Amino acid sequence: MRDARSCHCSRCRKAFSAQASAYALLDEEVFSWTSGEELLTSYIGEQGFGLQFCKVCGSTLTGIYDGRIHGVTLGCVDGDPDIEIGMHIYVGSKAAWEVLPQEESRAAFYQAGSDG
Ligand SMILES: [Zn+2]
């Protein structure tokens, strides 16, 4: 896994049913399902990005792009994935009810983009 991020855009808020996503990229070559692949179902958006879910428990598991594994949702990883969120993106689109940490040291941590 690499480039762990939390995206505050409106799409991610809905997809993750939270204030933001928690997601890390991975290279498809190093990823494989060990079991339960037949229990996956997918949502694919207009631009080819999508998510895979467990049909049994509803957990959001992976992000896919153009039919290939793109990344993994950090909330579904058991144990310590040995990676930390290194960036918060689309903070300019955050929900009105989300309160961000105010410490001065956090200022550079957040990128104030907006998804419209
Ligand atoms: Zn997003």
# chains A, B, ... in the order shown; residues from 1 in each chain; ligands from 1
>>> residues_near_ligand(ligand="ligand 1", cutoff="8 Å", atoms="only C-alpha atoms and all ligand atoms", output="ChimeraX atom specification")
/A:6-13,20-21,89-90,115
>>> write_last_selection(atoms="N, CA and C atoms", output="PDB file, in the first residue's frame")
ATOM      1  N   SER A   6      -7.054  10.767   2.877  1.00  0.00           N
ATOM      2  CA  SER A   6      -8.431  10.912   3.299  1.00  0.00           C
ATOM      3  C   SER A   6      -9.032  11.988   2.421  1.00  0.00           C
ATOM      4  N   CYS A   7     -10.075  11.627   1.665  1.00  0.00           N
ATOM      5  CA  CYS A   7     -10.704  12.575   0.739  1.00  0.00           C
ATOM      6  C   CYS A   7     -12.037  13.032   1.315  1.00  0.00           C
ATOM      7  N   HIS A   8     -12.215  14.341   1.364  1.00  0.00           N
ATOM      8  CA  HIS A   8     -13.405  14.938   1.974  1.00  0.00           C
ATOM      9  C   HIS A   8     -14.447  15.348   0.928  1.00  0.00           C
ATOM     10  N   CYS A   9     -14.305  14.913  -0.315  1.00  0.00           N
ATOM     11  CA  CYS A   9     -15.241  15.330  -1.367  1.00  0.00           C
ATOM     12  C   CYS A   9     -16.621  14.706  -1.130  1.00  0.00           C
ATOM     13  N   SER A  10     -17.617  15.270  -1.786  1.00  0.00           N
ATOM     14  CA  SER A  10     -19.003  14.827  -1.554  1.00  0.00           C
ATOM     15  C   SER A  10     -19.197  13.372  -1.974  1.00  0.00           C
ATOM     16  N   ARG A  11     -18.525  12.938  -3.008  1.00  0.00           N
ATOM     17  CA  ARG A  11     -18.683  11.547  -3.447  1.00  0.00           C
ATOM     18  C   ARG A  11     -18.113  10.580  -2.410  1.00  0.00           C
ATOM     19  N   CYS A  12     -16.923  10.914  -1.898  1.00  0.00           N
ATOM     20  CA  CYS A  12     -16.315  10.019  -0.897  1.00  0.00           C
ATOM     21  C   CYS A  12     -17.113  10.013   0.402  1.00  0.00           C
ATOM     22  N   ARG A  13     -17.655  11.169   0.779  1.00  0.00           N
ATOM     23  CA  ARG A  13     -18.479  11.185   2.005  1.00  0.00           C
ATOM     24  C   ARG A  13     -19.621  10.195   1.882  1.00  0.00           C
ATOM     25  N   ALA A  20     -15.185  11.580   5.528  1.00  0.00           N
ATOM     26  CA  ALA A  20     -14.151  11.474   4.504  1.00  0.00           C
ATOM     27  C   ALA A  20     -13.819  10.008   4.278  1.00  0.00           C
ATOM     28  N   SER A  21     -13.084   9.764   3.219  1.00  0.00           N
ATOM     29  CA  SER A  21     -12.607   8.408   2.971  1.00  0.00           C
ATOM     30  C   SER A  21     -11.312   8.160   3.731  1.00  0.00           C
ATOM     31  N   ILE A  89      -7.425  15.489   1.254  1.00  0.00           N
ATOM     32  CA  ILE A  89      -7.672  16.189  -0.003  1.00  0.00           C
ATOM     33  C   ILE A  89      -9.146  16.608  -0.111  1.00  0.00           C
ATOM     34  N   TYR A  90      -9.403  17.585  -0.970  1.00  0.00           N
ATOM     35  CA  TYR A  90     -10.748  18.150  -1.167  1.00  0.00           C
ATOM     36  C   TYR A  90     -11.380  18.626   0.144  1.00  0.00           C
ATOM     37  N   ASP A 115     -14.347  19.889  -4.884  1.00  0.00           N
ATOM     38  CA  ASP A 115     -14.831  19.100  -6.025  1.00  0.00           C
ATOM     39  C   ASP A 115     -16.079  19.726  -6.627  1.00  0.00           C
TER      40      ASP A 115
END
>>> residues_around(residues="region 29-44 of chain A", least_positions_apart="5", cutoff="6 Å", atoms="only C-alpha atoms", output="PyMOL selection string")
chain A and resi 49-55
>>> atom_distance(atom1="CA of Val77 (chain A)", atom2="CA of Leu26 (chain A)")
13.2 Å
>>> atom_distance(atom1="CA of Asp3 (chain A)", atom2="CA of Glu46 (chain A)")
23.9 Å
>>> closest_residue(among="A:Thr60, A:Gln19, A:Gln47, A:Thr73", to="Ala95 (chain A)", atoms="only C-alpha atoms")
A:Gln19
>>> closest_residue(among="A:Gly48, A:Gly75, A:Pro81, A:Gly67", to="Phe16 (chain A)", atoms="only C-alpha atoms")
A:Gly75
>>> closest_residue(among="A:Ala24, A:Ile69, A:Cys76, A:Ile64", to="Ala4 (chain A)", atoms="only C-alpha atoms")
A:Ala24
>>> closest_residue(among="A:Leu25, A:Arg5, A:Ala18, A:Ser114", to="Arg68 (chain A)", atoms="only C-alpha atoms")
A:Leu25
>>> select_by_dssp(residues="chain A", states="alpha helix (DSSP H)", output="list of chain:residue names")
A:Ser10, A:Arg11, A:Cys12, A:Arg13, A:Lys14, A:Ala15, A:Phe16
>>> atom_distance(atom1="CA of Gly113 (chain A)", atom2="CA of His88 (chain A)")
9.6 Å
>>> select_by_dssp(residues="region 4-83 of chain A", states="strand (DSSP E)", output="number ranges by chain")
A: 4-7, 23-25, 40-44, 49-54, 60-65, 68-73
>>> write_last_selection(atoms="C-alpha atoms", output="mmCIF file, in the first residue's frame")
data_model
loop_
_atom_site.group_PDB
_atom_site.id
_atom_site.type_symbol
_atom_site.label_atom_id
_atom_site.label_comp_id
_atom_site.auth_asym_id
_atom_site.auth_seq_id
_atom_site.Cartn_x
_atom_site.Cartn_y
_atom_site.Cartn_z
ATOM 1 C CA ALA A 4 -2.743 6.783 2.050
ATOM 2 C CA ARG A 5 -5.174 9.679 1.940
ATOM 3 C CA SER A 6 -8.431 10.912 3.299
ATOM 4 C CA CYS A 7 -10.704 12.575 0.739
ATOM 5 C CA TYR A 23 -7.929 4.893 1.375
ATOM 6 C CA ALA A 24 -4.524 3.735 0.175
ATOM 7 C CA LEU A 25 -3.345 2.959 -3.312
ATOM 8 C CA LEU A 40 -17.997 -9.149 -4.021
ATOM 9 C CA THR A 41 -20.325 -6.767 -5.739
ATOM 10 C CA SER A 42 -19.392 -3.490 -7.393
ATOM 11 C CA TYR A 43 -20.518 0.030 -8.080
ATOM 12 C CA ILE A 44 -18.912 1.709 -11.096
ATOM 13 C CA PHE A 49 -13.891 4.598 -10.902
ATOM 14 C CA GLY A 50 -15.808 2.309 -8.610
ATOM 15 C CA LEU A 51 -15.905 0.435 -5.350
ATOM 16 C CA GLN A 52 -16.227 -3.209 -4.426
ATOM 17 C CA PHE A 53 -18.360 -4.297 -1.495
ATOM 18 C CA CYS A 54 -18.988 -7.482 0.427
ATOM 19 C CA THR A 60 -16.535 -1.272 1.281
ATOM 20 C CA LEU A 61 -13.316 -3.111 0.483
ATOM 21 C CA THR A 62 -11.489 -1.869 -2.575
ATOM 22 C CA GLY A 63 -11.488 0.877 -5.130
ATOM 23 C CA ILE A 64 -11.402 -0.141 -8.768
ATOM 24 C CA TYR A 65 -10.626 1.742 -11.920
ATOM 25 C CA ARG A 68 -8.708 -3.230 -12.043
ATOM 26 C CA ILE A 69 -7.937 -2.970 -8.320
ATOM 27 C CA HIS A 70 -6.845 0.613 -7.593
ATOM 28 C CA GLY A 71 -6.677 0.757 -3.802
ATOM 29 C CA VAL A 72 -7.971 -0.510 -0.512
ATOM 30 C CA THR A 73 -10.238 1.100 2.066
#
